Amino acid sequence: MWSYNPESHYRPGTSLVGFKVEASDGHIGKVDEATEEVGSAYIVVDTGPWIFGKHVMLPAGTVVRVDVKEEKINVNLTKDQIKDSPEYDKDKHRGDSAYRDQLGQYYGRGHI
């Protein structure tokens with residue numbers, strides 16, 4: 001769940017910040033932050049006005065395609081799955097293993 005799928009065309013070292021993020025049913029925001037740490041990679045999406053500026057952390061395993069030319073990322077989640085996910089607060093949650101466990105439980109319940 002916390003690693004990029006080889007079929008996603010993600011290349012290590014690629015900066016994803018600013019890329020548009022598309023859920024399976026439409027646009028959800030832009031990448032605000034991304035990591036590629038082995039076994040703990042994720043993207044943080046700023047949903048903007050769509051859900052009133054909420055930030056969400058998506059495990060790298062939710063990324064199904066990275067299009068560097070179009071600067072777009074497709075994820076295998078719906079807008080509702082993302083909207084209902086635990087909110088991310090970088091001041092509280094960056095490096096917080098309990099938060100990551102909570103995300104693992106949320107996304108592990110058949111969400112991905």
# chains A, B, ... in the order shown; residues from 1 in each chain; ligands from 1
$ residues_around --residues "Gly39 (chain A)" --least-positions-apart "4" --cutoff "10 Å" --atoms "only C-alpha atoms" --output "tab-separated table (two decimals) with all heavy atoms, in the first residue's frame"
chain	number	residue	atom	x	y	z
A	1	MET	N	0.82	-1.20	0.00
A	1	MET	CA	0.00	0.00	0.00
A	1	MET	C	0.87	1.27	0.00
A	1	MET	O	0.49	2.27	-0.57
A	1	MET	CB	-0.91	-0.04	1.23
A	1	MET	CG	-1.66	1.23	1.47
A	1	MET	SD	-2.72	1.24	2.94
A	1	MET	CE	-3.50	-0.32	2.94
A	2	TRP	N	2.03	1.21	0.62
A	2	TRP	CA	2.86	2.40	0.78
A	2	TRP	C	4.02	2.44	-0.22
A	2	TRP	O	5.06	3.04	0.05
A	2	TRP	CB	3.37	2.50	2.21
A	2	TRP	CG	2.25	2.64	3.20
A	2	TRP	CD1	1.71	1.67	3.98
A	2	TRP	CD2	1.50	3.82	3.48
A	2	TRP	NE1	0.68	2.18	4.72
A	2	TRP	CE2	0.53	3.50	4.44
A	2	TRP	CE3	1.55	5.14	3.01
A	2	TRP	CZ2	-0.39	4.42	4.94
A	2	TRP	CZ3	0.65	6.07	3.51
A	2	TRP	CH2	-0.31	5.71	4.46
A	3	SER	N	3.84	1.79	-1.37
A	3	SER	CA	4.85	1.82	-2.42
A	3	SER	C	4.17	2.05	-3.76
A	3	SER	O	3.03	1.61	-3.96
A	3	SER	CB	5.60	0.48	-2.48
A	3	SER	OG	6.29	0.25	-1.28
A	4	TYR	N	4.86	2.73	-4.68
A	4	TYR	CA	4.31	2.97	-6.00
A	4	TYR	C	4.27	1.66	-6.78
A	4	TYR	O	5.24	0.90	-6.79
A	4	TYR	CB	5.14	4.00	-6.77
A	4	TYR	CG	5.00	5.39	-6.21
A	4	TYR	CD1	5.95	5.90	-5.33
A	4	TYR	CD2	3.92	6.19	-6.56
A	4	TYR	CE1	5.82	7.18	-4.81
A	4	TYR	CE2	3.78	7.47	-6.04
A	4	TYR	CZ	4.73	7.96	-5.16
A	4	TYR	OH	4.60	9.22	-4.65
A	59	PRO	N	-1.88	6.83	0.19
A	59	PRO	CA	-0.73	5.93	0.06
A	59	PRO	C	-0.33	5.80	-1.41
A	59	PRO	O	-1.19	5.82	-2.30
A	59	PRO	CB	-1.26	4.60	0.60
A	59	PRO	CG	-2.41	4.97	1.48
A	59	PRO	CD	-3.02	6.18	0.83
A	60	ALA	N	0.95	5.64	-1.67
A	60	ALA	CA	1.44	5.53	-3.05
A	60	ALA	C	0.77	4.39	-3.81
A	60	ALA	O	0.64	4.45	-5.03
A	60	ALA	CB	2.96	5.36	-3.05
A	61	GLY	N	0.32	3.37	-3.11
A	61	GLY	CA	-0.35	2.24	-3.75
A	61	GLY	C	-1.67	2.60	-4.39
A	61	GLY	O	-2.20	1.82	-5.18
$ residues_around --residues "Thr35 (chain A)" --least-positions-apart "5" --cutoff "10 Å" --atoms "only C-alpha atoms" --output "number ranges by chain"
A: 3, 12-17, 40-44, 59-60
$ closest_residue --among "A:Asp91, A:Val75, A:Arg100, A:Val68" --to "Asp25 (chain A)" --atoms "only C-alpha atoms"
A:Val75
$ select_by_dssp --residues "chain A" --states "helix (DSSP H, G or I)" --output "ChimeraX atom specification"
/A:6-8,48-51,60-62,79-83,90-93,97-108
$ write_last_selection --atoms "N, CA and C atoms" --output "PDB file, in the first residue's frame"
ATOM      1  N   PRO A   6       4.656  -0.588  -9.910  1.00  0.00           N
ATOM      2  CA  PRO A   6       5.510  -0.455 -11.100  1.00  0.00           C
ATOM      3  C   PRO A   6       4.728  -0.077 -12.366  1.00  0.00           C
ATOM      4  N   GLU A   7       3.470  -0.511 -12.477  1.00  0.00           N
ATOM      5  CA  GLU A   7       2.658  -0.183 -13.655  1.00  0.00           C
ATOM      6  C   GLU A   7       2.208   1.281 -13.684  1.00  0.00           C
ATOM      7  N   SER A   8       2.442   2.018 -12.602  1.00  0.00           N
ATOM      8  CA  SER A   8       1.987   3.419 -12.543  1.00  0.00           C
ATOM      9  C   SER A   8       2.855   4.350 -13.380  1.00  0.00           C
ATOM     10  N   GLY A  48      -8.474  21.758  -2.471  1.00  0.00           N
ATOM     11  CA  GLY A  48      -8.939  23.097  -2.848  1.00  0.00           C
ATOM     12  C   GLY A  48     -10.388  23.310  -2.473  1.00  0.00           C
ATOM     13  N   PRO A  49     -11.134  24.006  -3.331  1.00  0.00           N
ATOM     14  CA  PRO A  49     -12.522  24.323  -2.998  1.00  0.00           C
ATOM     15  C   PRO A  49     -13.465  23.118  -3.046  1.00  0.00           C
ATOM     16  N   TRP A  50     -12.981  22.005  -3.617  1.00  0.00           N
ATOM     17  CA  TRP A  50     -13.854  20.837  -3.769  1.00  0.00           C
ATOM     18  C   TRP A  50     -14.386  20.353  -2.419  1.00  0.00           C
ATOM     19  N   ILE A  51     -13.531  20.202  -1.417  1.00  0.00           N
ATOM     20  CA  ILE A  51     -14.004  19.930  -0.054  1.00  0.00           C
ATOM     21  C   ILE A  51     -13.396  20.954   0.895  1.00  0.00           C
ATOM     22  N   ALA A  60       0.954   5.637  -1.672  1.00  0.00           N
ATOM     23  CA  ALA A  60       1.444   5.530  -3.050  1.00  0.00           C
ATOM     24  C   ALA A  60       0.773   4.390  -3.810  1.00  0.00           C
ATOM     25  N   GLY A  61       0.324   3.368  -3.107  1.00  0.00           N
ATOM     26  CA  GLY A  61      -0.349   2.241  -3.750  1.00  0.00           C
ATOM     27  C   GLY A  61      -1.671   2.595  -4.392  1.00  0.00           C
ATOM     28  N   THR A  62      -2.232   3.769  -4.063  1.00  0.00           N
ATOM     29  CA  THR A  62      -3.486   4.197  -4.702  1.00  0.00           C
ATOM     30  C   THR A  62      -3.229   4.818  -6.075  1.00  0.00           C
ATOM     31  N   LYS A  79     -14.136  10.008  -5.607  1.00  0.00           N
ATOM     32  CA  LYS A  79     -14.165  11.276  -4.866  1.00  0.00           C
ATOM     33  C   LYS A  79     -14.706  11.066  -3.451  1.00  0.00           C
ATOM     34  N   ASP A  80     -15.753  10.257  -3.317  1.00  0.00           N
ATOM     35  CA  ASP A  80     -16.336  10.024  -1.990  1.00  0.00           C
ATOM     36  C   ASP A  80     -15.363   9.304  -1.060  1.00  0.00           C
ATOM     37  N   GLN A  81     -14.614   8.326  -1.577  1.00  0.00           N
ATOM     38  CA  GLN A  81     -13.636   7.633  -0.739  1.00  0.00           C
ATOM     39  C   GLN A  81     -12.579   8.614  -0.236  1.00  0.00           C
ATOM     40  N   ILE A  82     -12.182   9.540  -1.091  1.00  0.00           N
ATOM     41  CA  ILE A  82     -11.184  10.532  -0.699  1.00  0.00           C
ATOM     42  C   ILE A  82     -11.782  11.542   0.271  1.00  0.00           C
ATOM     43  N   LYS A  83     -12.992  11.993  -0.017  1.00  0.00           N
ATOM     44  CA  LYS A  83     -13.669  12.964   0.846  1.00  0.00           C
ATOM     45  C   LYS A  83     -13.866  12.415   2.259  1.00  0.00           C
ATOM     46  N   LYS A  90      -0.290  18.501   8.282  1.00  0.00           N
ATOM     47  CA  LYS A  90       1.158  18.246   8.243  1.00  0.00           C
ATOM     48  C   LYS A  90       1.840  18.509   9.578  1.00  0.00           C
ATOM     49  N   ASP A  91       1.333  19.460  10.360  1.00  0.00           N
ATOM     50  CA  ASP A  91       1.956  19.760  11.653  1.00  0.00           C
ATOM     51  C   ASP A  91       1.741  18.629  12.668  1.00  0.00           C
ATOM     52  N   LYS A  92       0.638  17.907  12.524  1.00  0.00           N
ATOM     53  CA  LYS A  92       0.327  16.828  13.468  1.00  0.00           C
ATOM     54  C   LYS A  92       0.660  15.443  12.924  1.00  0.00           C
ATOM     55  N   HIS A  93       0.503  15.238  11.625  1.00  0.00           N
ATOM     56  CA  HIS A  93       0.528  13.885  11.084  1.00  0.00           C
ATOM     57  C   HIS A  93       1.801  13.468  10.358  1.00  0.00           C
ATOM     58  N   SER A  97       3.115   7.593  13.203  1.00  0.00           N
ATOM     59  CA  SER A  97       2.803   6.206  12.844  1.00  0.00           C
ATOM     60  C   SER A  97       1.352   5.839  13.172  1.00  0.00           C
ATOM     61  N   ALA A  98       0.769   6.423  14.211  1.00  0.00           N
ATOM     62  CA  ALA A  98      -0.630   6.128  14.554  1.00  0.00           C
ATOM     63  C   ALA A  98      -1.560   6.634  13.441  1.00  0.00           C
ATOM     64  N   TYR A  99      -1.254   7.804  12.887  1.00  0.00           N
ATOM     65  CA  TYR A  99      -2.051   8.331  11.778  1.00  0.00           C
ATOM     66  C   TYR A  99      -1.921   7.423  10.553  1.00  0.00           C
ATOM     67  N   ARG A 100      -0.704   6.978  10.279  1.00  0.00           N
ATOM     68  CA  ARG A 100      -0.490   6.077   9.138  1.00  0.00           C
ATOM     69  C   ARG A 100      -1.231   4.751   9.354  1.00  0.00           C
ATOM     70  N   ASP A 101      -1.264   4.264  10.581  1.00  0.00           N
ATOM     71  CA  ASP A 101      -2.027   3.052  10.877  1.00  0.00           C
ATOM     72  C   ASP A 101      -3.514   3.281  10.619  1.00  0.00           C
ATOM     73  N   GLN A 102      -4.008   4.461  11.026  1.00  0.00           N
ATOM     74  CA  GLN A 102      -5.408   4.812  10.791  1.00  0.00           C
ATOM     75  C   GLN A 102      -5.699   4.832   9.287  1.00  0.00           C
ATOM     76  N   LEU A 103      -4.793   5.422   8.507  1.00  0.00           N
ATOM     77  CA  LEU A 103      -4.968   5.437   7.052  1.00  0.00           C
ATOM     78  C   LEU A 103      -4.927   4.021   6.490  1.00  0.00           C
ATOM     79  N   GLY A 104      -4.002   3.213   6.994  1.00  0.00           N
ATOM     80  CA  GLY A 104      -3.898   1.833   6.540  1.00  0.00           C
ATOM     81  C   GLY A 104      -5.185   1.069   6.769  1.00  0.00           C
ATOM     82  N   GLN A 105      -5.817   1.303   7.916  1.00  0.00           N
ATOM     83  CA  GLN A 105      -7.095   0.649   8.207  1.00  0.00           C
ATOM     84  C   GLN A 105      -8.179   1.174   7.266  1.00  0.00           C
ATOM     85  N   TYR A 106      -8.219   2.488   7.045  1.00  0.00           N
ATOM     86  CA  TYR A 106      -9.251   3.068   6.168  1.00  0.00           C
ATOM     87  C   TYR A 106      -9.102   2.540   4.742  1.00  0.00           C
ATOM     88  N   TYR A 107      -7.903   2.661   4.184  1.00  0.00           N
ATOM     89  CA  TYR A 107      -7.701   2.234   2.804  1.00  0.00           C
ATOM     90  C   TYR A 107      -7.625   0.726   2.664  1.00  0.00           C
ATOM     91  N   GLY A 108      -7.326   0.024   3.749  1.00  0.00           N
ATOM     92  CA  GLY A 108      -7.248  -1.428   3.712  1.00  0.00           C
ATOM     93  C   GLY A 108      -8.595  -2.134   3.751  1.00  0.00           C
TER      94      GLY A 108
END
$ closest_residue --among "A:Val21, A:Asp32, A:His9, A:Leu58" --to "Ile73 (chain A)" --atoms "only C-alpha atoms"
A:Val21
$ closest_residue --among "A:Val66, A:Asn5, A:Val45, A:Ser85" --to "Ile28 (chain A)" --atoms "only C-alpha atoms"
A:Val45
$ atom_distance --atom1 "CA of Gly53 (chain A)" --atom2 "CA of Val31 (chain A)"
12.5 Å
$ closest_residue --among "A:Ala23, A:Met57, A:Val63, A:Asn76" --to "Gly95 (chain A)" --atoms "only C-alpha atoms"
A:Met57
$ closest_residue --among "A:Asp89, A:Glu71, A:Asp84, A:Glu37" --to "Glu22 (chain A)" --atoms "only C-alpha atoms"
A:Glu71
$ atom_distance --atom1 "CA of Tyr88 (chain A)" --atom2 "CA of Lys54 (chain A)"
7.7 Å
$ select_by_dssp --residues "region 32-106 of chain A" --states "strand (DSSP E)" --output "PyMOL selection string"
chain A and resi 32-34+42-46+55-59+63-67+72-75
$ decode --residues "region 26-39 of chain A" --atoms "N, CA and C atoms" --output "short mmCIF file (atom, residue, chain, number, x, y, z; two decimals), in the first residue's frame"
data_model
loop_
_atom_site.label_atom_id
_atom_site.label_comp_id
_atom_site.auth_asym_id
_atom_site.auth_seq_id
_atom_site.Cartn_x
_atom_site.Cartn_y
_atom_site.Cartn_z
N GLY A 26 -13.33 11.68 -11.44
CA GLY A 26 -13.12 13.11 -11.70
C GLY A 26 -11.99 13.75 -10.92
N HIS A 27 -11.75 15.01 -11.24
CA HIS A 27 -10.65 15.79 -10.66
C HIS A 27 -10.89 16.04 -9.17
N ILE A 28 -9.81 15.89 -8.36
CA ILE A 28 -9.96 16.12 -6.91
C ILE A 28 -9.01 17.16 -6.34
N GLY A 29 -7.98 17.55 -7.07
CA GLY A 29 -7.07 18.56 -6.53
C GLY A 29 -5.68 18.44 -7.11
N LYS A 30 -4.71 18.97 -6.33
CA LYS A 30 -3.31 18.96 -6.75
C LYS A 30 -2.43 18.42 -5.64
N VAL A 31 -1.30 17.86 -6.06
CA VAL A 31 -0.34 17.32 -5.09
C VAL A 31 0.35 18.49 -4.37
N ASP A 32 0.30 18.46 -3.05
CA ASP A 32 0.91 19.48 -2.21
C ASP A 32 2.26 19.01 -1.67
N GLU A 33 2.39 17.69 -1.56
CA GLU A 33 3.58 17.09 -0.95
C GLU A 33 3.64 15.63 -1.43
N ALA A 34 4.85 15.09 -1.58
CA ALA A 34 4.99 13.70 -2.00
C ALA A 34 6.30 13.13 -1.47
N THR A 35 6.29 11.84 -1.17
CA THR A 35 7.52 11.16 -0.76
C THR A 35 7.66 9.89 -1.58
N GLU A 36 8.87 9.39 -1.61
CA GLU A 36 9.11 8.13 -2.31
C GLU A 36 9.89 7.15 -1.44
N GLU A 37 9.81 7.36 -0.13
CA GLU A 37 10.50 6.47 0.80
C GLU A 37 9.98 5.05 0.64
N VAL A 38 10.89 4.09 0.51
CA VAL A 38 10.50 2.70 0.31
C VAL A 38 9.64 2.23 1.48
N GLY A 39 8.47 1.71 1.17
CA GLY A 39 7.58 1.19 2.20
C GLY A 39 6.77 2.23 2.94
#
